[in-house]
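Here is input.pdb, consisting of PDB, C-alpha atoms:
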```pdb
MODEL        1
ATOM      1  CA  MET A  60      69.655 -20.688 -12.814
ATOM      2  CA  GLY A  61      69.717 -17.608 -15.076
ATOM      3  CA  GLU A  62      66.705 -15.658 -16.292
ATOM      4  CA  VAL A  63      64.597 -16.935 -19.159
ATOM      5  CA  ALA A  64      66.009 -15.962 -22.533
ATOM      6  CA  VAL A  65      65.610 -16.686 -26.231
ATOM      7  CA  ILE A  66      68.405 -17.971 -28.452
ATOM      8  CA  ASP A  67      68.047 -17.471 -32.201
ATOM      9  CA  VAL A  68      69.172 -20.634 -33.936
ATOM     10  CA  ARG A  69      67.798 -20.600 -37.514
ATOM     11  CA  THR A  70      69.572 -23.800 -38.446
ATOM     12  CA  GLU A  71      68.388 -26.618 -40.696
ATOM     13  CA  ILE A  72      67.585 -29.605 -38.514
ATOM     14  CA  LEU A  73      69.195 -31.979 -40.988
ATOM     15  CA  ALA A  74      72.251 -29.738 -41.510
ATOM     16  CA  GLU A  75      74.491 -32.461 -40.136
ATOM     17  CA  ASN A  76      72.957 -35.018 -42.487
ATOM     18  CA  ALA A  77      73.438 -32.582 -45.378
ATOM     19  CA  LEU A  78      77.132 -32.224 -44.485
ATOM     20  CA  GLU A  79      77.559 -35.980 -44.314
ATOM     21  CA  ALA A  80      75.786 -36.313 -47.663
ATOM     22  CA  SER A  81      78.107 -33.736 -49.255
ATOM     23  CA  ALA A  82      81.128 -35.564 -47.876
ATOM     24  CA  ILE A  83      80.072 -38.915 -49.308
ATOM     25  CA  ARG A  84      79.185 -37.249 -52.622
ATOM     26  CA  GLU A  85      82.723 -35.887 -52.882
ATOM     27  CA  ARG A  86      84.242 -39.207 -51.931
ATOM     28  CA  LEU A  87      82.190 -41.013 -54.591
ATOM     29  CA  ARG A  88      83.203 -38.428 -57.148
ATOM     30  CA  ALA A  89      86.875 -38.974 -56.312
ATOM     31  CA  ASP A  90      86.374 -42.751 -56.575
ATOM     32  CA  GLY A  91      84.539 -42.428 -59.904
ATOM     33  CA  ILE A  92      81.358 -44.086 -58.592
ATOM     34  CA  VAL A  93      77.865 -43.026 -59.626
ATOM     35  CA  LEU A  94      75.408 -43.748 -56.794
ATOM     36  CA  VAL A  95      71.737 -44.192 -57.685
ATOM     37  CA  ASN A  96      69.211 -44.287 -54.826
ATOM     38  CA  ILE A  97      66.087 -46.328 -55.636
ATOM     39  CA  THR A  98      63.011 -45.576 -53.530
ATOM     40  CA  ALA A  99      59.501 -46.991 -53.694
ATOM     41  CA  SER A 100      56.687 -48.579 -51.726
ATOM     42  CA  PRO A 101      57.182 -52.170 -50.596
ATOM     43  CA  GLY A 102      56.555 -54.482 -53.537
ATOM     44  CA  ALA A 103      56.852 -51.856 -56.286
ATOM     45  CA  GLY A 104      59.589 -53.834 -58.001
ATOM     46  CA  LYS A 105      62.829 -52.204 -56.844
ATOM     47  CA  THR A 106      64.771 -55.472 -56.736
ATOM     48  CA  MET A 107      63.489 -56.597 -60.148
ATOM     49  CA  LEU A 108      64.352 -53.263 -61.749
ATOM     50  CA  ILE A 109      67.890 -53.351 -60.353
ATOM     51  CA  LEU A 110      68.350 -56.975 -61.485
ATOM     52  CA  GLU A 111      67.112 -56.215 -65.000
ATOM     53  CA  THR A 112      69.285 -53.097 -65.193
ATOM     54  CA  PHE A 113      72.283 -55.132 -64.026
ATOM     55  CA  ARG A 114      71.639 -57.778 -66.696
ATOM     56  CA  ARG A 115      71.557 -55.160 -69.429
ATOM     57  CA  LEU A 116      74.519 -53.043 -68.282
ATOM     58  CA  ARG A 117      76.891 -55.550 -66.658
ATOM     59  CA  GLY A 118      79.011 -55.792 -69.804
ATOM     60  CA  ARG A 119      79.467 -52.061 -69.826
ATOM     61  CA  PHE A 120      79.929 -51.040 -66.199
ATOM     62  CA  ARG A 121      81.104 -52.607 -62.957
ATOM     63  CA  ILE A 122      77.889 -52.545 -60.909
ATOM     64  CA  GLY A 123      77.282 -53.127 -57.200
ATOM     65  CA  VAL A 124      74.176 -52.998 -55.013
ATOM     66  CA  ILE A 125      73.501 -51.918 -51.437
ATOM     67  CA  GLU A 126      70.326 -53.624 -50.241
ATOM     68  CA  GLY A 127      68.393 -51.868 -47.498
ATOM     69  CA  ASP A 128      65.725 -53.782 -45.622
ATOM     70  CA  VAL A 129      64.086 -53.577 -42.229
ATOM     71  CA  ALA A 130      64.793 -57.276 -41.728
ATOM     72  CA  SER A 131      66.039 -60.340 -43.640
ATOM     73  CA  GLN A 132      68.514 -60.859 -46.412
ATOM     74  CA  VAL A 133      66.020 -62.115 -48.980
ATOM     75  CA  ASP A 134      66.827 -59.417 -51.551
ATOM     76  CA  ALA A 135      70.592 -59.746 -51.097
ATOM     77  CA  ASP A 136      70.251 -63.482 -51.704
ATOM     78  CA  ARG A 137      68.354 -62.796 -54.945
ATOM     79  CA  MET A 138      71.087 -60.381 -56.025
ATOM     80  CA  ALA A 139      73.864 -62.799 -55.102
ATOM     81  CA  ALA A 140      72.114 -65.604 -57.040
ATOM     82  CA  ALA A 141      72.224 -63.338 -60.116
ATOM     83  CA  GLY A 142      75.929 -62.677 -59.597
ATOM     84  CA  VAL A 143      75.531 -59.086 -58.400
ATOM     85  CA  PRO A 144      78.102 -57.857 -55.846
ATOM     86  CA  THR A 145      75.809 -56.982 -52.953
ATOM     87  CA  VAL A 146      75.898 -55.774 -49.368
ATOM     88  CA  GLN A 147      72.812 -56.174 -47.204
ATOM     89  CA  VAL A 148      72.029 -53.410 -44.717
ATOM     90  CA  THR A 149      69.411 -54.396 -42.152
ATOM     91  CA  THR A 150      68.032 -51.426 -40.240
ATOM     92  CA  GLY A 151      66.232 -53.388 -37.526
ATOM     93  CA  GLY A 152      63.030 -51.396 -37.843
ATOM     94  CA  LEU A 153      64.343 -48.005 -38.921
ATOM     95  CA  CYS A 154      62.296 -46.757 -41.846
ATOM     96  CA  HIS A 155      65.016 -45.223 -44.025
ATOM     97  CA  LEU A 156      68.708 -45.543 -44.809
ATOM     98  CA  ASP A 157      71.017 -42.710 -43.801
ATOM     99  CA  VAL A 158      74.460 -41.569 -44.863
ATOM    100  CA  PRO A 159      76.507 -43.426 -42.216
ATOM    101  CA  MET A 160      74.773 -46.717 -43.145
ATOM    102  CA  VAL A 161      75.477 -46.181 -46.848
ATOM    103  CA  ALA A 162      79.089 -45.125 -46.187
ATOM    104  CA  ALA A 163      79.700 -48.260 -44.102
ATOM    105  CA  ALA A 164      78.076 -50.459 -46.750
ATOM    106  CA  LEU A 165      80.224 -48.924 -49.515
ATOM    107  CA  GLY A 166      83.276 -49.908 -47.502
ATOM    108  CA  ARG A 167      82.091 -53.528 -47.402
ATOM    109  CA  LEU A 168      81.055 -53.758 -51.067
ATOM    110  CA  THR A 169      83.458 -56.051 -52.950
ATOM    111  CA  PRO A 170      85.014 -56.809 -55.349
ATOM    112  CA  GLY A 171      85.514 -53.260 -56.544
ATOM    113  CA  PRO A 172      86.210 -50.920 -58.109
ATOM    114  CA  PHE A 173      82.696 -49.937 -59.205
ATOM    115  CA  ASP A 174      81.359 -47.528 -61.810
ATOM    116  CA  LEU A 175      77.758 -47.665 -60.673
ATOM    117  CA  VAL A 176      76.216 -48.558 -57.320
ATOM    118  CA  PHE A 177      72.492 -48.868 -56.742
ATOM    119  CA  VAL A 178      71.076 -48.327 -53.275
ATOM    120  CA  GLU A 179      67.805 -50.161 -52.776
ATOM    121  CA  ASN A 180      66.248 -48.040 -50.050
ATOM    122  CA  ILE A 181      63.681 -49.261 -47.510
ATOM    123  CA  GLY A 182      60.216 -49.724 -49.023
ATOM    124  CA  ASN A 183      58.715 -46.418 -47.917
ATOM    125  CA  LEU A 184      57.609 -43.254 -49.737
ATOM    126  CA  VAL A 185      57.512 -41.043 -46.644
ATOM    127  CA  CYS A 186      60.658 -41.225 -44.531
ATOM    128  CA  THR A 187      63.106 -41.915 -47.343
ATOM    129  CA  ALA A 188      62.262 -38.527 -48.888
ATOM    130  CA  ASP A 189      63.708 -36.601 -45.951
ATOM    131  CA  PHE A 190      67.208 -38.099 -45.973
ATOM    132  CA  ASP A 191      69.766 -37.160 -48.624
ATOM    133  CA  LEU A 192      72.081 -40.150 -49.051
ATOM    134  CA  GLY A 193      74.640 -38.312 -51.154
ATOM    135  CA  ALA A 194      73.440 -40.097 -54.297
ATOM    136  CA  ASP A 195      74.018 -38.658 -57.779
ATOM    137  CA  ALA A 196      70.478 -39.558 -58.693
ATOM    138  CA  ASN A 197      67.366 -40.294 -56.673
ATOM    139  CA  VAL A 198      64.846 -42.436 -58.492
ATOM    140  CA  VAL A 199      61.308 -43.118 -57.323
ATOM    141  CA  LEU A 200      59.311 -46.118 -58.551
ATOM    142  CA  LEU A 201      55.557 -46.222 -58.792
ATOM    143  CA  SER A 202      54.011 -49.552 -59.731
ATOM    144  CA  VAL A 203      50.781 -49.757 -61.698
ATOM    145  CA  PRO A 204      48.927 -51.798 -59.010
ATOM    146  CA  GLU A 205      49.549 -48.999 -56.459
ATOM    147  CA  GLY A 206      47.422 -46.492 -58.368
ATOM    148  CA  ASP A 207      48.115 -43.251 -60.209
ATOM    149  CA  ASP A 208      47.377 -40.948 -57.243
ATOM    150  CA  LYS A 209      50.658 -41.482 -55.344
ATOM    151  CA  PRO A 210      52.203 -38.115 -56.371
ATOM    152  CA  GLN A 211      49.315 -36.313 -54.662
ATOM    153  CA  LYS A 212      49.500 -38.558 -51.601
ATOM    154  CA  TYR A 213      53.283 -38.544 -51.118
ATOM    155  CA  PRO A 214      54.412 -35.281 -52.731
ATOM    156  CA  LEU A 215      57.878 -34.817 -51.217
ATOM    157  CA  ILE A 216      59.415 -37.947 -52.719
ATOM    158  CA  PHE A 217      58.325 -36.801 -56.183
ATOM    159  CA  VAL A 218      59.854 -33.357 -55.536
ATOM    160  CA  THR A 219      63.218 -34.764 -54.417
ATOM    161  CA  SER A 220      63.528 -37.391 -57.178
ATOM    162  CA  ASP A 221      65.486 -37.047 -60.433
ATOM    163  CA  ALA A 222      63.469 -39.659 -62.319
ATOM    164  CA  LEU A 223      60.227 -41.603 -62.001
ATOM    165  CA  VAL A 224      59.989 -45.197 -63.168
ATOM    166  CA  VAL A 225      56.439 -46.480 -63.558
ATOM    167  CA  THR A 226      56.842 -50.239 -63.070
ATOM    168  CA  LYS A 227      54.663 -53.258 -63.894
ATOM    169  CA  THR A 228      53.148 -51.665 -67.001
ATOM    170  CA  ASP A 229      52.151 -55.187 -68.088
ATOM    171  CA  TYR A 230      49.266 -54.738 -65.612
ATOM    172  CA  LEU A 231      47.944 -51.645 -67.448
ATOM    173  CA  PRO A 232      45.382 -53.518 -69.587
ATOM    174  CA  ILE A 233      43.651 -54.925 -66.478
ATOM    175  CA  SER A 234      44.043 -51.804 -64.331
ATOM    176  CA  ASP A 235      42.373 -48.406 -63.848
ATOM    177  CA  PHE A 236      45.830 -46.846 -63.627
ATOM    178  CA  ASP A 237      45.938 -43.732 -65.832
ATOM    179  CA  LEU A 238      49.503 -43.103 -67.009
ATOM    180  CA  GLY A 239      48.545 -39.583 -68.094
ATOM    181  CA  ALA A 240      47.209 -38.784 -64.612
ATOM    182  CA  ALA A 241      50.318 -40.177 -62.916
ATOM    183  CA  THR A 242      52.532 -38.152 -65.265
ATOM    184  CA  ALA A 243      50.535 -34.964 -64.695
ATOM    185  CA  GLY A 244      50.552 -35.491 -60.914
ATOM    186  CA  ALA A 245      54.301 -36.011 -60.794
ATOM    187  CA  ARG A 246      55.136 -33.162 -63.190
ATOM    188  CA  ALA A 247      52.955 -30.734 -61.226
ATOM    189  CA  LEU A 248      55.459 -31.226 -58.417
ATOM    190  CA  ASN A 249      58.593 -31.641 -60.504
ATOM    191  CA  PRO A 250      58.103 -30.161 -63.986
ATOM    192  CA  ALA A 251      61.256 -31.533 -65.641
ATOM    193  CA  LEU A 252      60.983 -35.033 -64.126
ATOM    194  CA  PRO A 253      61.962 -37.760 -66.633
ATOM    195  CA  ILE A 254      59.368 -40.567 -66.557
ATOM    196  CA  PHE A 255      60.043 -44.145 -67.696
ATOM    197  CA  PRO A 256      57.137 -46.601 -67.938
ATOM    198  CA  VAL A 257      58.648 -50.099 -67.788
ATOM    199  CA  SER A 258      57.748 -53.744 -67.390
ATOM    200  CA  CYS A 259      60.478 -55.994 -66.024
ATOM    201  CA  ARG A 260      58.311 -58.955 -66.972
ATOM    202  CA  ASN A 261      58.174 -58.277 -70.732
ATOM    203  CA  GLY A 262      61.070 -55.815 -71.035
ATOM    204  CA  ASP A 263      58.998 -52.864 -72.270
ATOM    205  CA  GLY A 264      60.659 -49.509 -71.662
ATOM    206  CA  LEU A 265      63.810 -50.907 -70.073
ATOM    207  CA  ASP A 266      66.033 -49.712 -72.924
ATOM    208  CA  ALA A 267      64.998 -46.078 -72.363
ATOM    209  CA  TRP A 268      65.509 -46.408 -68.594
ATOM    210  CA  CYS A 269      68.924 -48.029 -69.063
ATOM    211  CA  ALA A 270      69.925 -45.317 -71.551
ATOM    212  CA  TRP A 271      69.176 -42.718 -68.864
ATOM    213  CA  VAL A 272      71.339 -44.619 -66.348
ATOM    214  CA  VAL A 273      74.150 -44.938 -68.910
ATOM    215  CA  GLU A 274      73.974 -41.204 -69.548
ATOM    216  CA  ARG A 275      74.407 -40.522 -65.806
ATOM    217  CA  VAL A 276      77.631 -42.554 -65.787
ATOM    218  CA  GLU A 277      78.879 -41.085 -69.069
ATOM    219  CA  ALA A 278      78.122 -37.547 -67.890
ATOM    220  CA  ARG A 279      80.238 -38.229 -64.800
ATOM    221  CA  ARG A 280      83.112 -39.453 -66.948
ATOM    222  CA  ARG A 281      82.903 -36.408 -69.198
ATOM    223  CA  ALA A 282      82.943 -34.146 -66.139
ATOM    224  CA  ASP A 283      85.982 -36.009 -64.770
ATOM    225  CA  ASP A 284      87.806 -35.780 -68.120
ATOM    226  CA  HIS A 285      87.317 -32.028 -68.190
ATOM    227  CA  GLY A 286      88.697 -31.640 -64.706
TER
ATOM    228  CA  MET B 134      59.264 -43.118 -37.730
ATOM    229  CA  HIS B 135      61.657 -40.627 -39.305
ATOM    230  CA  GLU B 136      60.422 -38.334 -36.494
ATOM    231  CA  LEU B 137      62.813 -40.232 -34.230
ATOM    232  CA  ALA B 138      65.887 -39.367 -36.334
ATOM    233  CA  ILE B 139      64.691 -35.785 -36.706
ATOM    234  CA  GLY B 140      64.005 -35.567 -32.965
ATOM    235  CA  LYS B 141      67.554 -36.683 -32.219
ATOM    236  CA  SER B 142      68.943 -33.960 -34.511
ATOM    237  CA  ILE B 143      66.748 -31.333 -32.834
ATOM    238  CA  LEU B 144      67.853 -32.481 -29.393
ATOM    239  CA  ARG B 145      71.540 -32.372 -30.336
ATOM    240  CA  LEU B 146      71.181 -28.893 -31.829
ATOM    241  CA  ALA B 147      69.212 -27.538 -28.861
ATOM    242  CA  VAL B 148      71.556 -28.942 -26.213
ATOM    243  CA  ASP B 149      74.660 -27.739 -28.099
ATOM    244  CA  ARG B 150      73.382 -24.197 -28.583
ATOM    245  CA  ALA B 151      71.988 -23.837 -25.059
ATOM    246  CA  THR B 152      75.175 -25.211 -23.494
ATOM    247  CA  ALA B 153      77.336 -22.921 -25.639
ATOM    248  CA  ALA B 154      75.282 -19.985 -24.336
ATOM    249  CA  GLY B 155      75.911 -21.089 -20.740
ATOM    250  CA  ARG B 156      72.312 -22.171 -20.174
ATOM    251  CA  THR B 157      71.208 -25.146 -18.144
ATOM    252  CA  ARG B 158      67.673 -25.715 -19.349
ATOM    253  CA  VAL B 159      65.723 -25.632 -22.635
ATOM    254  CA  THR B 160      62.015 -24.994 -22.032
ATOM    255  CA  ALA B 161      60.706 -24.572 -25.581
ATOM    256  CA  ILE B 162      61.919 -25.094 -29.136
ATOM    257  CA  ASP B 163      60.364 -23.216 -32.068
ATOM    258  CA  LEU B 164      60.494 -25.111 -35.354
ATOM    259  CA  VAL B 165      59.624 -24.028 -38.888
ATOM    260  CA  VAL B 166      58.615 -26.953 -41.087
ATOM    261  CA  GLY B 167      57.614 -26.635 -44.745
ATOM    262  CA  GLU B 168      54.238 -28.124 -45.625
ATOM    263  CA  LEU B 169      55.862 -30.531 -48.074
ATOM    264  CA  ARG B 170      57.766 -32.156 -45.229
ATOM    265  CA  ASN B 171      56.211 -35.295 -43.830
ATOM    266  CA  LEU B 172      56.286 -34.426 -40.158
ATOM    267  CA  GLU B 173      53.703 -35.201 -37.518
ATOM    268  CA  ALA B 174      54.113 -32.724 -34.650
ATOM    269  CA  PRO B 175      52.478 -34.889 -31.925
ATOM    270  CA  THR B 176      54.626 -37.883 -32.901
ATOM    271  CA  LEU B 177      57.728 -35.725 -32.921
ATOM    272  CA  GLN B 178      56.899 -34.434 -29.424
ATOM    273  CA  ARG B 179      56.364 -37.982 -28.112
ATOM    274  CA  TYR B 180      59.710 -39.194 -29.436
ATOM    275  CA  PHE B 181      61.405 -36.023 -28.239
ATOM    276  CA  ASP B 182      60.019 -36.459 -24.707
ATOM    277  CA  HIS B 183      61.464 -39.958 -24.680
ATOM    278  CA  ILE B 184      64.955 -39.196 -26.016
ATOM    279  CA  SER B 185      65.386 -35.912 -24.110
ATOM    280  CA  ALA B 186      64.711 -37.482 -20.702
ATOM    281  CA  GLY B 187      67.625 -36.738 -18.390
ATOM    282  CA  SER B 188      69.023 -34.010 -20.682
ATOM    283  CA  ILE B 189      68.826 -30.235 -20.212
ATOM    284  CA  ALA B 190      65.995 -30.238 -22.773
ATOM    285  CA  GLU B 191      63.802 -32.655 -20.823
ATOM    286  CA  GLY B 192      60.225 -31.361 -20.836
ATOM    287  CA  ALA B 193      60.833 -28.830 -23.629
ATOM    288  CA  VAL B 194      57.755 -28.024 -25.685
ATOM    289  CA  LEU B 195      58.167 -28.267 -29.464
ATOM    290  CA  ARG B 196      56.200 -25.535 -31.239
ATOM    291  CA  VAL B 197      55.848 -26.207 -34.945
ATOM    292  CA  THR B 198      55.001 -23.486 -37.471
ATOM    293  CA  ARG B 199      54.192 -24.872 -40.925
ATOM    294  CA  ALA B 200      55.610 -22.854 -43.831
ATOM    295  CA  PRO B 201      53.545 -22.940 -47.030
ATOM    296  CA  ALA B 202      54.818 -24.189 -50.385
ATOM    297  CA  ARG B 203      56.023 -21.196 -52.431
ATOM    298  CA  PHE B 204      56.875 -20.899 -56.092
ATOM    299  CA  THR B 205      58.593 -18.380 -58.337
ATOM    300  CA  CYS B 206      57.399 -17.988 -61.904
ATOM    301  CA  ALA B 207      60.062 -18.825 -64.493
ATOM    302  CA  THR B 208      58.258 -16.621 -67.021
ATOM    303  CA  CYS B 209      57.590 -13.345 -65.180
ATOM    304  CA  GLY B 210      59.709 -13.823 -62.042
ATOM    305  CA  GLU B 211      56.821 -13.075 -59.684
ATOM    306  CA  PRO B 212      56.169 -15.147 -56.562
ATOM    307  CA  SER B 213      53.278 -17.558 -56.931
ATOM    308  CA  PRO B 214      51.449 -19.800 -54.446
ATOM    309  CA  ALA B 215      50.989 -22.568 -57.031
ATOM    310  CA  ILE B 216      52.659 -24.374 -59.901
ATOM    311  CA  VAL B 217      50.729 -22.223 -62.405
ATOM    312  CA  CYS B 218      51.689 -18.562 -62.026
ATOM    313  CA  GLY B 219      48.994 -16.371 -60.446
ATOM    314  CA  PRO B 220      50.096 -13.052 -62.017
ATOM    315  CA  CYS B 221      50.798 -14.168 -65.633
ATOM    316  CA  GLY B 222      49.419 -17.712 -66.001
ATOM    317  CA  GLY B 223      52.870 -19.067 -66.943
ATOM    318  CA  ALA B 224      53.744 -22.635 -66.033
ATOM    319  CA  PRO B 225      55.510 -24.391 -64.552
ATOM    320  CA  CYS B 226      56.757 -22.289 -61.639
ATOM    321  CA  THR B 227      59.825 -23.304 -59.623
ATOM    322  CA  LEU B 228      59.407 -24.516 -56.059
ATOM    323  CA  VAL B 229      61.352 -22.188 -53.748
ATOM    324  CA  GLY B 230      59.842 -22.956 -50.325
ATOM    325  CA  GLY B 231      57.931 -25.646 -48.470
ATOM    326  CA  ARG B 232      60.789 -28.089 -47.898
ATOM    327  CA  GLU B 233      62.512 -26.218 -45.052
ATOM    328  CA  MET B 234      62.882 -27.784 -41.625
ATOM    329  CA  LEU B 235      64.533 -25.396 -39.158
ATOM    330  CA  VAL B 236      65.119 -24.913 -35.502
ATOM    331  CA  GLU B 237      64.153 -21.248 -35.393
ATOM    332  CA  ARG B 238      64.795 -20.400 -31.742
ATOM    333  CA  LEU B 239      65.108 -21.808 -28.253
ATOM    334  CA  GLU B 240      63.628 -20.641 -24.989
ATOM    335  CA  VAL B 241      66.219 -21.303 -22.339
ATOM    336  CA  ALA B 242      66.735 -20.777 -18.655
TER
ENDMDL
END
```
Please rewrite the model in this file as structure tokens.
Amino acid sequence: MGEVAVIDVRTEILAENALEASAIRERLRADGIVLVNITASPGAGKTMLILETFRRLRGRFRIGVIEGDVASQVDADRMAAAGVPTVQVTTGGLCHLDVPMVAAALGRLTPGPFDLVFVENIGNLVCTADFDLGADANVVLLSVPEGDDKPQKYPLIFVTSDALVVTKTDYLPISDFDLGAATAGARALNPALPIFPVSCRNGDGLDAWCAWVVERVEARRRADDHG
Amino acid sequence: MHELAIGKSILRLAVDRATAAGRTRVTAIDLVVGELRNLEAPTLQRYFDHISAGSIAEGAVLRVTRAPARFTCATCGEPSPAIVCGPCGGAPCTLVGGREMLVERLEVA
């Protein structure tokens, strides 16, 4: 055995994940697919938001969904019942999706081709923040019943997200949730963060949210047209 | 539980670099982790002990240094420790540090 020595490494621990994410991002770009990663706590309304977005945009884009869950196929069944092309990914306990899981699921998603694919990540505001999936947009949901202090409690996910959707706003009249406080908390971490208060129950705010999604797809098409 | 996935990446990196340098044992791994990263050092060590068993990094101590969140002011260009600029009061400042997660160095034998 040699003498004790020090090796300078200075390498990002998730460098490999970052490379995989870049690779899938390029592949999606070549295939003309916009990938939107939806993250939230369990029960924040991820499935409902995707279903309502699908209903509003299905005439315009070919939309698919990758459903991530620790166990069960409950959400995929809901999607399938609504006619959404869906692939269920069951992680068997793992708390986040990663690039290889998403890449494999994209390969199984039929019938393509797709313009827009939503990834419903595992219900978790902690672990999901650390893993770049190669998505064009990362969206975090915060439901009114959870409380307006989540940006302070789980800062990283609000830093890494491209939009915040405040869901279940129909609960606002019977809640202490302060939309101004939630907005201020999130923007302190991510100053330009677009914020969409919505209710999937009464439809409030969904047009603005859908317009943002449409713009992501249109922006991709414009970029493709200009080489 | 993301500590498990991160632990596996650290192990792979440490074993690869130590082996490439002709070393047969990793005794310590210095990490730099930004304070915005959700990482529990004791949990990471526990998972690492488990997954490194039987490898050349078995028994390696993980030493974590937390790096503070750092901002740069968009108005005056000065570094700032917070979202509102210390020197000029401008806001918002841009986050430039606090999300890093690096293997800094290895102690090997």
Next on the checklist: So the first atom is CA of Val185 (chain A) and the second is CA of Leu156 (chain A); what is the distance between them in Å, to one decimal place?
Outcome noted: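 Value for the CA of Val185 (chain A)-CA of Leu156 (chain A) distance: 12.2 Å.
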Checklist entry - the PyMOL selection byres ((chain B and resi 215-222) around 8) on the file shown: which residues, as a ChimeraX atom specification? => result /A:247-248 /B:202-206,208-209,211-214,223-228
Contacts of region 151-237 of chain B with region 203-215 of chain A up to 10 Å, shortest pair per row, all atoms listed in the file, as CSV:
```
residue,atom,partner,partner_atom,distance
B:Glu168,CA,A:Leu215,CA,9.5
B:Leu169,CA,A:Leu215,CA,5.7
B:Arg170,CA,A:Leu215,CA,6.6
B:Asn171,CA,A:Leu215,CA,7.6
B:Gly231,CA,A:Leu215,CA,9.6
B:Arg232,CA,A:Leu215,CA,8.0
```
Take the selection from the previous step and output its residues with C-alpha atoms, as a JSON list (two decimals), in the coordinates of the input.
```json
[["chain", "number", "residue", "atom", "x", "y", "z"],
["B", 168, "GLU", "CA", 54.24, -28.12, -45.62],
["B", 169, "LEU", "CA", 55.86, -30.53, -48.07],
["B", 170, "ARG", "CA", 57.77, -32.16, -45.23],
["B", 171, "ASN", "CA", 56.21, -35.30, -43.83],
["B", 231, "GLY", "CA", 57.93, -25.65, -48.47],
["B", 232, "ARG", "CA", 60.79, -28.09, -47.90]]
```
Next on the checklist: Which residues are close to Arg88 (chain A), i.e. within 12 Å by only C-alpha atoms, leaving aside same-chain residues fewer than 6 positions away? Reply as a ChimeraX atom specification.
Outcome noted: /A:81-82,94,173-175,193-195,276,278-280,282-283,286
Put the listed atoms of region 164-182 of chain B in a box along x, y and z with 4 Å added on every side and give me the centre and edge lengths in Å to one decimal, as AutoDock Vina command-line options.
```
--center_x 56.9 --center_y -31.6 --center_z -36.4 --size_x 16.9 --size_y 23.2 --size_z 31.4
```
Next on the checklist: Once the ChimeraX specification (/B :<8) & /A has been evaluated on this model, what residues remain selected, and can you format them as a list of chain:residue names?
Outcome noted: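 Given this file, the ChimeraX specification (/B :<8) & /A evaluates to A:Met60, A:Gly61, A:Glu62, A:Val63, A:Ala64, A:Val65, A:Ile66, A:Asp67, A:Val68, A:Arg69, A:Thr70, A:Glu71, A:Ile72, A:Leu73, A:Leu153, A:Cys154, A:His155, A:Val185, A:Cys186, A:Asp189, A:Pro214, A:Leu215, A:Ala247, A:Leu248, A:Pro250.
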Item to check | Atom-to-atom span, CA of Leu223 (chain A) and CA of Leu110 (chain A), Å | outcome: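 It comes out at 17.4 Å.
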